[in-house]
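This is structure28.cif. It holds mmCIF, C-alpha atoms, pLDDT in the B column; chains and numbers go by the auth columns.
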data_upload
loop_
_atom_site.group_PDB
_atom_site.id
_atom_site.type_symbol
_atom_site.label_atom_id
_atom_site.label_comp_id
_atom_site.label_asym_id
_atom_site.label_seq_id
_atom_site.Cartn_x
_atom_site.Cartn_y
_atom_site.Cartn_z
_atom_site.B_iso_or_equiv
_atom_site.auth_seq_id
_atom_site.auth_asym_id
ATOM 1 C CA MET A 1 24.535 133.890 191.319 58.00 1 A
ATOM 2 C CA PHE A 2 22.960 135.825 194.146 66.00 2 A
ATOM 3 C CA ASP A 3 24.424 135.486 197.623 83.00 3 A
ATOM 4 C CA PHE A 4 22.832 132.336 199.053 89.00 4 A
ATOM 5 C CA THR A 5 23.786 131.087 202.482 93.00 5 A
ATOM 6 C CA PRO A 6 22.119 127.769 203.327 94.00 6 A
ATOM 7 C CA ARG A 7 20.313 127.453 206.628 94.00 7 A
ATOM 8 C CA LYS A 8 21.474 124.801 209.075 95.00 8 A
ATOM 9 C CA TRP A 9 18.704 122.366 208.055 94.00 9 A
ATOM 10 C CA GLN A 10 19.689 122.830 204.411 93.00 10 A
ATOM 11 C CA GLU A 11 23.363 122.144 205.131 94.00 11 A
ATOM 12 C CA ASP A 12 22.421 119.098 207.228 93.00 12 A
ATOM 13 C CA SER A 13 20.101 117.826 204.480 91.00 13 A
ATOM 14 C CA TRP A 14 22.799 118.285 201.850 92.00 14 A
ATOM 15 C CA ALA A 15 25.332 116.406 203.975 92.00 15 A
ATOM 16 C CA ALA A 16 22.864 113.559 204.573 91.00 16 A
ATOM 17 C CA PHE A 17 22.042 113.379 200.859 87.00 17 A
ATOM 18 C CA ARG A 18 25.746 113.280 199.919 89.00 18 A
ATOM 19 C CA GLN A 19 26.385 110.424 202.355 90.00 19 A
ATOM 20 C CA SER A 20 23.433 108.315 201.199 86.00 20 A
ATOM 21 C CA GLU A 21 22.960 106.163 198.134 80.00 21 A
ATOM 22 C CA GLU A 22 19.192 106.725 198.395 80.00 22 A
ATOM 23 C CA ASN A 23 16.900 109.411 197.042 78.00 23 A
ATOM 24 C CA CYS A 24 15.728 112.029 199.491 80.00 24 A
ATOM 25 C CA LEU A 25 12.522 113.853 200.256 84.00 25 A
ATOM 26 C CA ILE A 26 12.606 117.335 201.715 87.00 26 A
ATOM 27 C CA SER A 27 9.590 118.149 203.843 89.00 27 A
ATOM 28 C CA ALA A 28 9.335 121.602 205.370 90.00 28 A
ATOM 29 C CA THR A 29 6.773 124.324 205.957 91.00 29 A
ATOM 30 C CA PRO A 30 5.857 126.772 203.183 90.00 30 A
ATOM 31 C CA GLY A 31 8.535 129.430 202.874 91.00 31 A
ATOM 32 C CA ALA A 32 11.206 127.348 204.621 93.00 32 A
ATOM 33 C CA GLY A 33 13.433 127.303 201.543 92.00 33 A
ATOM 34 C CA LYS A 34 12.780 123.955 199.853 92.00 34 A
ATOM 35 C CA THR A 35 13.013 125.372 196.332 92.00 35 A
ATOM 36 C CA LYS A 36 16.144 127.381 197.079 93.00 36 A
ATOM 37 C CA PHE A 37 17.663 124.314 198.727 92.00 37 A
ATOM 38 C CA ALA A 38 16.935 122.182 195.664 91.00 38 A
ATOM 39 C CA LEU A 39 18.396 124.792 193.313 93.00 39 A
ATOM 40 C CA TRP A 40 21.475 125.223 195.505 93.00 40 A
ATOM 41 C CA ALA A 41 21.830 121.420 195.586 90.00 41 A
ATOM 42 C CA ALA A 42 21.581 121.391 191.782 90.00 42 A
ATOM 43 C CA VAL A 43 24.433 123.886 191.507 91.00 43 A
ATOM 44 C CA GLN A 44 26.483 121.859 194.011 91.00 44 A
ATOM 45 C CA SER A 45 25.775 118.676 192.026 88.00 45 A
ATOM 46 C CA MET A 46 26.918 120.357 188.819 87.00 46 A
ATOM 47 C CA GLN A 47 30.162 121.498 190.412 90.00 47 A
ATOM 48 C CA LEU A 48 30.952 118.357 192.429 89.00 48 A
ATOM 49 C CA ASP A 49 29.447 115.507 190.421 86.00 49 A
ATOM 50 C CA GLY A 50 29.180 116.720 186.848 84.00 50 A
ATOM 51 C CA PHE A 51 25.396 116.657 186.635 82.00 51 A
ATOM 52 C CA ASN A 52 24.286 118.895 183.791 80.00 52 A
ATOM 53 C CA PHE A 53 20.517 118.470 183.520 81.00 53 A
ATOM 54 C CA PHE A 54 17.726 118.444 186.104 86.00 54 A
ATOM 55 C CA VAL A 55 14.125 117.318 185.820 84.00 55 A
ATOM 56 C CA VAL A 56 11.685 119.016 188.198 88.00 56 A
ATOM 57 C CA CYS A 57 8.033 117.934 188.414 86.00 57 A
ATOM 58 C CA VAL A 58 5.549 120.069 190.322 88.00 58 A
ATOM 59 C CA PRO A 59 1.769 119.952 190.834 89.00 59 A
ATOM 60 C CA SER A 60 0.777 123.273 189.229 93.00 60 A
ATOM 61 C CA ALA A 61 1.588 125.665 186.395 93.00 61 A
ATOM 62 C CA ALA A 62 2.096 128.436 188.960 95.00 62 A
ATOM 63 C CA LEU A 63 4.876 126.411 190.596 94.00 63 A
ATOM 64 C CA VAL A 64 6.467 125.807 187.190 94.00 64 A
ATOM 65 C CA MET A 65 6.878 129.567 186.807 96.00 65 A
ATOM 66 C CA ASP A 66 8.072 129.962 190.419 95.00 66 A
ATOM 67 C CA TRP A 67 10.791 127.357 189.807 94.00 67 A
ATOM 68 C CA LYS A 68 11.803 128.897 186.482 95.00 68 A
ATOM 69 C CA ASN A 69 12.114 132.366 188.024 96.00 69 A
ATOM 70 C CA GLU A 70 13.939 131.225 191.177 95.00 70 A
ATOM 71 C CA ALA A 71 16.338 129.162 189.060 95.00 71 A
ATOM 72 C CA LEU A 72 17.457 132.342 187.319 95.00 72 A
ATOM 73 C CA MET A 73 18.784 133.629 190.670 95.00 73 A
ATOM 74 C CA PHE A 74 21.145 130.617 190.660 95.00 74 A
ATOM 75 C CA ASN A 75 22.104 131.225 187.006 94.00 75 A
ATOM 76 C CA LEU A 76 20.127 128.156 185.958 94.00 76 A
ATOM 77 C CA GLN A 77 17.883 128.164 182.912 93.00 77 A
ATOM 78 C CA PHE A 78 14.933 125.757 182.954 91.00 78 A
ATOM 79 C CA ALA A 79 12.734 124.969 179.976 88.00 79 A
ATOM 80 C CA THR A 80 9.037 124.918 180.797 89.00 80 A
ATOM 81 C CA ASP A 81 7.445 123.682 177.591 80.00 81 A
ATOM 82 C CA ILE A 82 7.851 119.975 176.914 73.00 82 A
ATOM 83 C CA SER A 83 6.749 120.505 173.321 69.00 83 A
ATOM 84 C CA ASN A 84 10.115 122.233 172.735 67.00 84 A
ATOM 85 C CA ILE A 85 11.852 118.897 173.300 69.00 85 A
ATOM 86 C CA GLY A 86 12.404 117.135 170.010 66.00 86 A
ATOM 87 C CA ASP A 87 11.293 113.528 169.610 62.00 87 A
ATOM 88 C CA ASP A 88 14.998 112.638 169.712 61.00 88 A
ATOM 89 C CA GLY A 89 15.297 114.242 173.165 62.00 89 A
ATOM 90 C CA HIS A 90 17.214 117.302 172.021 68.00 90 A
ATOM 91 C CA ILE A 91 16.608 120.540 173.854 73.00 91 A
ATOM 92 C CA GLY A 92 18.548 123.769 173.642 71.00 92 A
ATOM 93 C CA SER A 93 22.058 123.483 175.058 75.00 93 A
ATOM 94 C CA ASP A 94 21.545 126.612 177.143 82.00 94 A
ATOM 95 C CA TYR A 95 19.057 124.787 179.392 86.00 95 A
ATOM 96 C CA HIS A 96 20.100 123.219 182.682 87.00 96 A
ATOM 97 C CA GLY A 97 16.859 121.304 182.983 84.00 97 A
ATOM 98 C CA ILE A 98 13.146 121.260 182.579 86.00 98 A
ATOM 99 C CA VAL A 99 10.416 122.049 185.049 89.00 99 A
ATOM 100 C CA THR A 100 6.973 120.704 184.270 86.00 100 A
ATOM 101 C CA THR A 101 3.763 119.562 185.902 86.00 101 A
ATOM 102 C CA TYR A 102 2.875 115.995 186.757 82.00 102 A
ATOM 103 C CA ALA A 103 -0.093 116.321 184.389 82.00 103 A
ATOM 104 C CA ALA A 104 2.123 117.356 181.477 80.00 104 A
ATOM 105 C CA LEU A 105 4.309 114.299 182.034 74.00 105 A
ATOM 106 C CA GLY A 106 1.300 112.038 181.731 71.00 106 A
ATOM 107 C CA ASN A 107 -0.212 113.851 178.779 68.00 107 A
ATOM 108 C CA GLN A 108 -0.215 111.789 175.572 53.00 108 A
ATOM 109 C CA ARG A 109 -0.224 113.493 172.184 54.00 109 A
ATOM 110 C CA ALA A 110 0.773 112.597 168.666 44.00 110 A
ATOM 111 C CA GLY A 111 4.292 111.281 168.635 47.00 111 A
ATOM 112 C CA LEU A 112 6.216 110.667 171.813 50.00 112 A
ATOM 113 C CA SER A 113 4.708 111.374 175.215 60.00 113 A
ATOM 114 C CA ALA A 114 6.350 113.923 177.486 59.00 114 A
ATOM 115 C CA ALA A 115 7.703 111.181 179.724 57.00 115 A
ATOM 116 C CA GLN A 116 9.265 109.426 176.730 58.00 116 A
ATOM 117 C CA LYS A 117 10.867 112.680 175.602 55.00 117 A
ATOM 118 C CA ILE A 118 12.320 113.285 179.055 56.00 118 A
ATOM 119 C CA ASN A 119 13.540 109.706 179.158 54.00 119 A
ATOM 120 C CA SER A 120 15.385 110.273 175.888 52.00 120 A
ATOM 121 C CA ILE A 121 17.059 113.340 177.434 49.00 121 A
ATOM 122 C CA CYS A 122 18.048 111.279 180.474 51.00 122 A
ATOM 123 C CA ILE A 123 19.762 108.748 178.245 47.00 123 A
ATOM 124 C CA ARG A 124 21.831 111.460 176.574 46.00 124 A
ATOM 125 C CA LYS A 125 22.764 113.561 179.613 48.00 125 A
ATOM 126 C CA LYS A 126 23.824 113.039 183.193 48.00 126 A
ATOM 127 C CA VAL A 127 20.527 113.844 184.889 48.00 127 A
ATOM 128 C CA MET A 128 19.358 114.318 188.450 53.00 128 A
ATOM 129 C CA SER A 129 15.598 114.125 188.878 48.00 129 A
#
In structure tokens, how does this file's structure come out?
Amino acid sequence: MFDFTPRKWQEDSWAAFRQSEENCLISATPGAGKTKFALWAAVQSMQLDGFNFFVVCVPSAALVMDWKNEALMFNLQFATDISNIGDDGHIGSDYHGIVTTYAALGNQRAGLSAAQKINSICIRKKVMS
């Protein structure tokens, strides 16, 4: 993993998230480090809480690739193609999660929808989404 030192707001957000039973929403200006914070939080969650799979939904295909590439800096491998998930929810064991668009989640095709496939993964793994 590359040398990542969280900014004060990232440390404060992580502490607040750890103390809460609620979900959280990170809102910050472009370039503030939201993606890096989320990836760092994913690594922390793997180490501290045993999470082993993460579901990331973003608005555009460009952001899917940004997430996939930034995840590599944290030694995380994200799948980007929902069609690679079997109808039984199996995905390669070398993946730490999937990053996809909102549109892909809602897309219906023959067989199971993307959301149903991700749900079947969530049943089998300890997932943070």
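With atom CA of Ala104 of chain A on one side and atom CA of Val55 of chain A on the other, the separation reads 12.8 Å.
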### Query
segment 30-43 of chain A: which residues within 7 Å, counting all atoms listed in the file, same-chain residues fewer than 5 positions away excluded, as a ChimeraX atom specification?
/A:10,71,74
### 12 Å contact set for Phe78 of chain A, all atoms listed in the file, chain neighbours under 5 positions out, as a ChimeraX atom specification
/A:39,42,52-57,64-73,84,91-100
### Query
Can you tell me how far atom CA of Ala61 of chain A sits from atom CA of Thr80 of chain A, in Å to one decimal?
9.3 Å
### Query
Hey, can you check how far atom CA of Ser60 of chain A sits from atom CA of Leu105 of chain A?
12.0 Å
